[in-house]
file run00.cif (mmCIF, C-alpha atoms)
data_data
#
loop_
_atom_site.label_atom_id
_atom_site.label_comp_id
_atom_site.auth_asym_id
_atom_site.auth_seq_id
_atom_site.Cartn_x
_atom_site.Cartn_y
_atom_site.Cartn_z
CA ALA A 1 5.27 -19.75 29.74
CA GLN A 2 7.30 -19.31 26.61
CA SER A 3 5.74 -19.55 23.17
CA VAL A 4 6.42 -18.63 19.57
CA THR A 5 4.08 -17.62 16.77
CA GLN A 6 5.00 -17.98 13.14
CA LEU A 7 3.09 -15.70 10.80
CA GLY A 8 2.18 -17.38 7.55
CA SER A 9 1.96 -21.13 7.18
CA HIS A 10 3.08 -20.88 3.57
CA VAL A 11 5.42 -18.38 1.90
CA SER A 12 6.32 -18.33 -1.79
CA VAL A 13 9.24 -16.38 -3.19
CA SER A 14 10.92 -16.23 -6.57
CA GLU A 15 14.41 -17.60 -6.94
CA GLY A 16 16.85 -14.80 -6.14
CA ALA A 17 14.32 -12.84 -4.09
CA LEU A 18 14.54 -11.98 -0.41
CA VAL A 19 13.31 -14.61 2.02
CA LEU A 20 11.57 -13.32 5.15
CA LEU A 21 9.99 -15.76 7.58
CA ARG A 22 8.40 -14.22 10.63
CA CYS A 23 8.54 -15.38 14.21
CA ASN A 24 7.34 -13.59 17.32
CA TYR A 25 7.99 -14.89 20.78
CA SER A 26 6.45 -14.55 24.18
CA SER A 27 8.69 -15.02 27.18
CA SER A 28 8.85 -13.71 30.71
CA VAL A 29 12.60 -14.25 30.81
CA PRO A 30 15.35 -13.61 28.25
CA PRO A 31 14.68 -16.27 25.66
CA TYR A 32 16.88 -18.73 23.84
CA LEU A 33 15.52 -18.80 20.30
CA PHE A 34 16.12 -21.17 17.42
CA TRP A 35 15.28 -21.72 13.80
CA TYR A 36 15.09 -25.25 12.47
CA VAL A 37 14.63 -26.42 8.90
CA GLN A 38 13.05 -29.65 7.71
CA TYR A 39 13.70 -30.81 4.18
CA PRO A 40 11.33 -33.40 2.73
CA ASN A 41 11.74 -36.81 4.36
CA GLN A 42 14.44 -35.56 6.68
CA GLY A 43 14.72 -34.63 10.35
CA LEU A 44 14.76 -31.18 11.88
CA GLN A 45 18.09 -29.45 11.36
CA LEU A 46 19.31 -26.49 13.39
CA LEU A 47 19.74 -23.39 11.19
CA LEU A 48 20.77 -20.91 13.87
CA LYS A 49 20.28 -19.97 17.48
CA TYR A 50 20.13 -16.88 19.68
CA THR A 51 21.48 -17.30 23.19
CA SER A 52 21.73 -13.69 24.44
CA ALA A 53 25.00 -12.83 22.71
CA ALA A 54 24.91 -10.89 19.42
CA THR A 55 21.43 -9.88 18.33
CA LEU A 56 22.18 -10.62 14.67
CA VAL A 57 22.77 -14.31 14.34
CA LYS A 58 24.20 -15.95 11.26
CA GLY A 59 23.35 -19.53 10.44
CA ILE A 60 23.98 -22.10 7.80
CA ASN A 61 23.10 -21.79 4.11
CA GLY A 62 23.21 -17.98 4.15
CA PHE A 63 20.35 -17.52 6.61
CA GLU A 64 20.41 -15.03 9.44
CA ALA A 65 18.00 -13.81 12.08
CA GLU A 66 17.83 -10.69 14.19
CA PHE A 67 16.63 -10.69 17.77
CA LYS A 68 14.55 -7.58 18.45
CA LYS A 69 13.48 -7.36 22.04
CA SER A 70 11.33 -4.25 21.49
CA GLU A 71 9.32 -6.12 18.86
CA THR A 72 9.59 -9.55 20.51
CA SER A 73 10.63 -10.85 17.12
CA PHE A 74 13.20 -13.23 15.69
CA HIS A 75 12.56 -13.15 11.94
CA LEU A 76 14.58 -15.32 9.59
CA THR A 77 16.00 -13.80 6.42
CA LYS A 78 18.09 -14.70 3.43
CA PRO A 79 19.00 -12.10 0.80
CA SER A 80 18.59 -14.36 -2.22
CA ALA A 81 16.44 -17.49 -2.30
CA HIS A 82 17.72 -20.64 -3.91
CA MET A 83 15.65 -23.56 -5.13
CA SER A 84 17.29 -25.75 -2.50
CA ASP A 85 15.83 -23.54 0.26
CA ALA A 86 12.38 -25.02 -0.33
CA ALA A 87 11.55 -26.66 3.00
CA GLU A 88 9.57 -26.17 6.17
CA TYR A 89 11.00 -23.78 8.75
CA PHE A 90 10.28 -23.87 12.45
CA CYS A 91 10.93 -21.21 15.04
CA ALA A 92 11.43 -22.49 18.59
CA VAL A 93 12.08 -21.18 22.09
CA ARG A 94 13.74 -22.98 24.94
CA THR A 95 11.80 -23.07 28.18
CA SER A 96 13.58 -21.56 31.11
CA GLY A 97 14.76 -23.12 34.29
CA ALA A 98 17.74 -25.17 35.30
CA GLY A 99 17.80 -28.56 33.70
CA SER A 100 15.00 -27.75 31.32
CA TYR A 101 15.62 -29.04 27.85
CA GLN A 102 12.24 -28.48 26.33
CA LEU A 103 11.80 -26.62 23.09
CA THR A 104 8.47 -25.08 22.22
CA PHE A 105 8.01 -24.86 18.47
CA GLY A 106 5.87 -22.74 16.22
CA LYS A 107 3.54 -24.33 13.69
CA GLY A 108 6.07 -23.99 10.92
CA THR A 109 6.23 -22.06 7.66
CA LYS A 110 6.52 -23.90 4.40
CA LEU A 111 8.76 -22.04 1.97
CA SER A 112 8.27 -22.53 -1.76
CA VAL A 113 10.80 -21.13 -4.22
CA ILE A 114 9.52 -20.39 -7.70
CA PRO A 115 12.01 -20.64 -10.57
CA GLU B 116 27.92 -37.18 9.58
CA PRO B 117 26.31 -39.07 12.45
CA GLU B 118 22.54 -39.10 12.48
CA VAL B 119 19.59 -40.15 14.56
CA THR B 120 17.78 -43.05 12.93
CA GLN B 121 14.10 -43.79 13.39
CA THR B 122 12.19 -46.89 12.36
CA PRO B 123 9.74 -47.44 10.86
CA SER B 124 9.23 -44.33 8.77
CA HIS B 125 5.51 -45.01 8.65
CA GLN B 126 3.39 -47.16 10.95
CA VAL B 127 -0.30 -47.90 10.68
CA THR B 128 -2.16 -49.41 13.61
CA GLN B 129 -5.66 -50.04 14.83
CA MET B 130 -7.08 -48.02 17.70
CA GLY B 131 -6.42 -49.74 21.01
CA GLN B 132 -3.29 -51.51 19.82
CA GLU B 133 0.14 -51.03 21.32
CA VAL B 134 2.88 -49.51 19.20
CA ILE B 135 6.59 -49.16 19.76
CA LEU B 136 8.49 -46.50 17.90
CA ARG B 137 12.19 -47.06 17.68
CA CYS B 138 15.11 -44.70 17.59
CA VAL B 139 18.86 -45.11 17.45
CA PRO B 140 20.43 -41.92 18.84
CA ILE B 141 23.91 -40.74 17.98
CA SER B 142 26.31 -43.06 19.73
CA ASN B 143 28.03 -40.71 22.20
CA HIS B 144 24.89 -38.79 23.10
CA LEU B 145 23.41 -39.10 26.55
CA TYR B 146 20.21 -37.04 26.38
CA PHE B 147 17.25 -38.36 24.46
CA TYR B 148 13.93 -36.80 23.55
CA TRP B 149 10.65 -37.48 21.87
CA TYR B 150 8.62 -34.80 20.15
CA ARG B 151 5.52 -35.12 18.02
CA GLN B 152 3.68 -33.08 15.43
CA ILE B 153 0.02 -33.59 14.73
CA LEU B 154 -0.77 -32.62 11.16
CA GLY B 155 -1.13 -28.86 10.84
CA GLN B 156 -0.12 -28.23 14.43
CA LYS B 157 3.03 -27.36 16.33
CA VAL B 158 5.89 -29.68 17.09
CA GLU B 159 5.32 -30.58 20.75
CA PHE B 160 7.72 -31.81 23.39
CA LEU B 161 6.78 -35.15 24.91
CA VAL B 162 9.63 -36.32 27.10
CA SER B 163 13.35 -36.10 27.81
CA PHE B 164 15.44 -38.97 29.14
CA TYR B 165 18.83 -38.98 30.81
CA ASN B 166 20.77 -41.48 32.87
CA ASN B 167 18.09 -44.12 32.36
CA GLU B 168 15.26 -42.06 33.68
CA ILE B 169 12.78 -39.46 32.55
CA SER B 170 14.09 -35.99 33.28
CA GLU B 171 11.07 -34.03 32.06
CA LYS B 172 7.74 -34.79 30.49
CA SER B 173 4.86 -32.76 29.15
CA GLU B 174 1.18 -33.03 29.91
CA ILE B 175 0.76 -35.03 26.71
CA PHE B 176 2.98 -37.79 28.09
CA ASP B 177 0.37 -39.57 30.18
CA ASP B 178 0.23 -43.13 31.48
CA GLN B 179 -0.35 -44.45 27.96
CA PHE B 180 3.19 -43.47 27.04
CA SER B 181 6.46 -44.92 28.20
CA VAL B 182 10.06 -44.70 27.12
CA GLU B 183 12.88 -47.14 27.45
CA ARG B 184 16.50 -47.57 26.59
CA PRO B 185 16.53 -51.36 26.39
CA ASP B 186 20.16 -51.63 25.36
CA GLY B 187 23.11 -49.39 24.65
CA SER B 188 21.85 -48.17 21.32
CA ASN B 189 18.06 -48.05 21.10
CA PHE B 190 15.60 -45.58 22.59
CA THR B 191 11.93 -46.49 22.29
CA LEU B 192 8.59 -44.82 22.73
CA LYS B 193 5.69 -47.12 23.56
CA ILE B 194 2.06 -46.14 23.31
CA ARG B 195 0.13 -48.73 25.26
CA SER B 196 -3.36 -48.36 23.78
CA THR B 197 -3.41 -46.04 20.80
CA LYS B 198 -6.14 -43.51 20.23
CA LEU B 199 -7.11 -41.76 17.01
CA GLU B 200 -5.63 -38.54 18.36
CA ASP B 201 -2.21 -40.19 18.69
CA SER B 202 -1.89 -40.00 14.91
CA ALA B 203 1.11 -37.74 14.35
CA MET B 204 4.69 -37.54 13.21
CA TYR B 205 6.94 -38.59 16.09
CA PHE B 206 10.47 -37.23 16.20
CA CYS B 207 13.28 -38.65 18.24
CA ALA B 208 16.24 -36.44 19.15
CA SER B 209 19.48 -36.72 21.06
CA SER B 210 22.17 -34.41 22.37
CA GLU B 211 25.61 -34.64 23.91
CA ALA B 212 26.26 -34.47 27.61
CA GLY B 213 26.59 -30.89 28.76
CA SER B 214 24.84 -29.47 25.75
CA GLY B 215 21.20 -28.68 25.79
CA PRO B 216 18.57 -28.43 23.14
CA GLU B 217 20.77 -26.00 21.20
CA LYS B 218 22.65 -29.05 19.99
CA LEU B 219 19.75 -31.35 19.43
CA PHE B 220 19.94 -33.73 16.51
CA PHE B 221 16.58 -34.91 15.22
CA GLY B 222 15.64 -38.04 13.34
CA SER B 223 13.49 -37.92 10.23
CA GLY B 224 10.42 -39.06 12.12
CA THR B 225 7.91 -41.89 12.23
CA GLN B 226 4.48 -41.10 10.84
CA LEU B 227 1.98 -42.93 13.04
CA SER B 228 -1.51 -43.43 11.65
CA VAL B 229 -4.14 -44.78 14.04
CA LEU B 230 -7.24 -46.12 12.31
#
call {"tool": "encode", "arguments": {"input": "run00.cif", "output": "structure tokens"}}
result
Amino acid sequence: AQSVTQLGSHVSVSEGALVLLRCNYSSSVPPYLFWYVQYPNQGLQLLLKYTSAATLVKGINGFEAEFKKSETSFHLTKPSAHMSDAAEYFCAVRTSGAGSYQLTFGKGTKLSVIP
Amino acid sequence: EPEVTQTPSHQVTQMGQEVILRCVPISNHLYFYWYRQILGQKVEFLVSFYNNEISEKSEIFDDQFSVERPDGSNFTLKIRSTKLEDSAMYFCASSEAGSGPEKLFFGSGTQLSVL
């Protein structure tokens, strides 16, 4: 069964600093991986996805993630944090199998940006 | 931009009562989903719905749960007899035909509190 683990339930960075949110996955088949963001009082919004094409995936708002099979990781990064990046971030993996539309999420990492 | 709308944003109920959580998916979407997140835990898949029937459901989605598309616009989740452990944030999502969870649009959630 596929699963993801997010390291760190809460990450604080200074404005302008590097953002690094960690996600490790477990999958017996090549995974489809996703990062979602949830701003306060809003729904989950897709940031980026990995679907077995390029290993470095660029998303919205300057975020990117690199798929590293050897490390079973899909960490989310942004070179310079902005105050508006403060939100909760979820890593997710799609379960395999034809017709399967389930996503399995991590517990989420809350990002705080300090001015 | 089209969005998935959920009502109410917060619902409080007594244990043993029935609740109906309502969702209006994006109008041309054909796949519908419910997920939930218990406080401090992962976002969990509950059920997916297509062509007026359940296409997949998780172990959480037992006989106490049901889903319905009563008309052309609403998608509901009913919990027949709520338990304390049903307290969670419930997210509705929808996607277009032919796309999978990589193009899921989520609502902002209904916070269900069972007392």
call {"tool": "closest_residue", "arguments": {"input": "run00.cif", "among": "A:Ser80, A:Ala92, A:Gly106, A:Phe34", "to": "Lys58 in chain A", "atoms": "only C-alpha atoms"}}
result
A:Phe34
call {"tool": "atom_distance", "arguments": {"input": "run00.cif", "atom1": "CA of Tyr50 in chain A", "atom2": "CA of Thr120 in chain B"}}
result
27.1 Å
call {"tool": "atom_distance", "arguments": {"input": "run00.cif", "atom1": "CA of Leu161 in chain B", "atom2": "CA of Trp149 in chain B"}}
result
5.4 Å
call {"tool": "closest_residue", "arguments": {"input": "run00.cif", "among": "A:Ala81, A:Leu48, A:Ala86, A:Leu76", "to": "chain B", "atoms": "all atoms listed in the file"}}
result
A:Leu48
call {"tool": "axis_aligned_box", "arguments": {"input": "run00.cif", "around": "range 28-43 of chain A", "padding_each_side": "4 Å", "output": "lines of an AutoDock Vina configuration file"}}
result
center_x = 12.9
center_y = -25.2
center_z = 16.8
size_x = 16.0
size_y = 31.2
size_z = 36.1
call {"tool": "interface_residues", "arguments": {"input": "run00.cif", "of": "chain B", "to": "chain A", "cutoff": "7 Å", "atoms": "all atoms listed in the file", "output": "PyMOL selection string"}}
result
chain B and resi 156-160+215-216+220-224
call {"tool": "resolve_selection", "arguments": {"input": "run00.cif", "expression": "the PyMOL selection byres ((chain A and resi 16) around 12)", "output": "number ranges by chain"}}
result
A: 12-15, 17-19, 78-85, 113-115
call {"tool": "resolve_selection", "arguments": {"input": "run00.cif", "expression": "the PyMOL selection byres ((chain A and resi 88) around 6)", "output": "compact mmCIF listing (two decimals) with C-alpha atoms, keeping the file's coordinate frame"}}
result
# COMPACT_ATOMS: atom_id res chain seq x y z
CA VAL A 37 14.63 -26.42 8.90
CA GLN A 38 13.05 -29.65 7.71
CA ALA A 87 11.55 -26.66 3.00
CA TYR A 89 11.00 -23.78 8.75
CA THR A 109 6.23 -22.06 7.66
CA LYS A 110 6.52 -23.90 4.40
CA LEU A 111 8.76 -22.04 1.97
call {"tool": "residues_around", "arguments": {"input": "run00.cif", "residues": "Thr55 in chain A", "least_positions_apart": "3", "cutoff": "9 Å", "atoms": "all atoms listed in the file", "output": "list in words"}}
result
Tyr50, Thr51, Ser52, Ala65, Glu66, Phe67 and Lys68 of chain A
call {"tool": "resolve_selection", "arguments": {"input": "run00.cif", "expression": "the PyMOL selection byres ((chain B and resi 210) around 12)", "output": "NGL selection string"}}
result
(:A and (101)) or (:B and (117-119 or 140-149 or 163-165 or 207-209 or 211-222))
call {"tool": "atom_distance", "arguments": {"input": "run00.cif", "atom1": "CA of Thr191 in chain B", "atom2": "CA of Gln129 in chain B"}}
result
19.4 Å
call {"tool": "closest_residue", "arguments": {"input": "run00.cif", "among": "A:Gln6, A:Thr77, A:Asn24, A:Ser112", "to": "Leu56 in chain A", "atoms": "only C-alpha atoms"}}
result
A:Thr77
call {"tool": "residues_around", "arguments": {"input": "run00.cif", "residues": "Thr197 in chain B", "least_positions_apart": "6", "cutoff": "7 Å", "atoms": "all atoms listed in the file", "output": "VMD selection string"}}
result
chain B and resid 130 to 133 229
call {"tool": "write_last_selection", "arguments": {"input": "run00.cif", "atoms": "C-alpha atoms", "output": "compact mmCIF listing (two decimals), in the coordinates of the input"}}
result
# COMPACT_ATOMS: atom_id res chain seq x y z
CA MET B 130 -7.08 -48.02 17.70
CA GLY B 131 -6.42 -49.74 21.01
CA GLN B 132 -3.29 -51.51 19.82
CA GLU B 133 0.14 -51.03 21.32
CA VAL B 229 -4.14 -44.78 14.04
call {"tool": "closest_residue", "arguments": {"input": "run00.cif", "among": "B:Lys172, B:Glu183, B:Leu230, B:Ser188", "to": "Glu200 in chain B", "atoms": "only C-alpha atoms"}}
result
B:Leu230
call {"tool": "closest_residue", "arguments": {"input": "run00.cif", "among": "B:Ser181, B:Gln226, B:Ser170, B:Gln121", "to": "Lys193 in chain B", "atoms": "all atoms listed in the file"}}
result
B:Ser181
call {"tool": "closest_residue", "arguments": {"input": "run00.cif", "among": "B:Asp177, B:Glu168, B:Thr225, B:Gln126", "to": "Phe206 in chain B", "atoms": "all atoms listed in the file"}}
result
B:Thr225
call {"tool": "build_atoms", "arguments": {"input": "run00.cif", "residues": "range 155-166 of chain B", "atoms": "N, CA and C atoms", "output": "PDB file, in the frame of the given file"}}
result
ATOM      1  N   GLY B 155      -0.640 -30.230  10.807  1.00  0.00           N
ATOM      2  CA  GLY B 155      -1.130 -28.860  10.840  1.00  0.00           C
ATOM      3  C   GLY B 155      -0.924 -28.148  12.159  1.00  0.00           C
ATOM      4  N   GLN B 156      -0.327 -28.848  13.113  1.00  0.00           N
ATOM      5  CA  GLN B 156      -0.120 -28.230  14.430  1.00  0.00           C
ATOM      6  C   GLN B 156       1.368 -28.113  14.752  1.00  0.00           C
ATOM      7  N   LYS B 157       1.642 -27.604  15.945  1.00  0.00           N
ATOM      8  CA  LYS B 157       3.030 -27.360  16.330  1.00  0.00           C
ATOM      9  C   LYS B 157       3.750 -28.656  16.678  1.00  0.00           C
ATOM     10  N   VAL B 158       5.059 -28.606  16.555  1.00  0.00           N
ATOM     11  CA  VAL B 158       5.890 -29.680  17.090  1.00  0.00           C
ATOM     12  C   VAL B 158       5.856 -29.537  18.621  1.00  0.00           C
ATOM     13  N   GLU B 159       5.516 -30.641  19.293  1.00  0.00           N
ATOM     14  CA  GLU B 159       5.320 -30.580  20.750  1.00  0.00           C
ATOM     15  C   GLU B 159       6.305 -31.501  21.453  1.00  0.00           C
ATOM     16  N   PHE B 160       6.842 -31.013  22.542  1.00  0.00           N
ATOM     17  CA  PHE B 160       7.720 -31.810  23.390  1.00  0.00           C
ATOM     18  C   PHE B 160       6.911 -32.868  24.119  1.00  0.00           C
ATOM     19  N   LEU B 161       7.429 -34.087  24.144  1.00  0.00           N
ATOM     20  CA  LEU B 161       6.780 -35.150  24.910  1.00  0.00           C
ATOM     21  C   LEU B 161       7.583 -35.473  26.164  1.00  0.00           C
ATOM     22  N   VAL B 162       8.872 -35.814  25.970  1.00  0.00           N
ATOM     23  CA  VAL B 162       9.630 -36.320  27.100  1.00  0.00           C
ATOM     24  C   VAL B 162      11.121 -36.187  26.828  1.00  0.00           C
ATOM     25  N   SER B 163      11.884 -36.025  27.903  1.00  0.00           N
ATOM     26  CA  SER B 163      13.350 -36.100  27.810  1.00  0.00           C
ATOM     27  C   SER B 163      13.834 -37.172  28.774  1.00  0.00           C
ATOM     28  N   PHE B 164      14.962 -37.763  28.456  1.00  0.00           N
ATOM     29  CA  PHE B 164      15.440 -38.970  29.140  1.00  0.00           C
ATOM     30  C   PHE B 164      16.929 -38.851  29.299  1.00  0.00           C
ATOM     31  N   TYR B 165      17.403 -39.072  30.538  1.00  0.00           N
ATOM     32  CA  TYR B 165      18.830 -38.980  30.810  1.00  0.00           C
ATOM     33  C   TYR B 165      19.180 -39.927  31.943  1.00  0.00           C
ATOM     34  N   ASN B 166      20.284 -40.602  31.803  1.00  0.00           N
ATOM     35  CA  ASN B 166      20.770 -41.480  32.870  1.00  0.00           C
ATOM     36  C   ASN B 166      19.703 -42.523  33.239  1.00  0.00           C
TER      37      ASN B 166
END
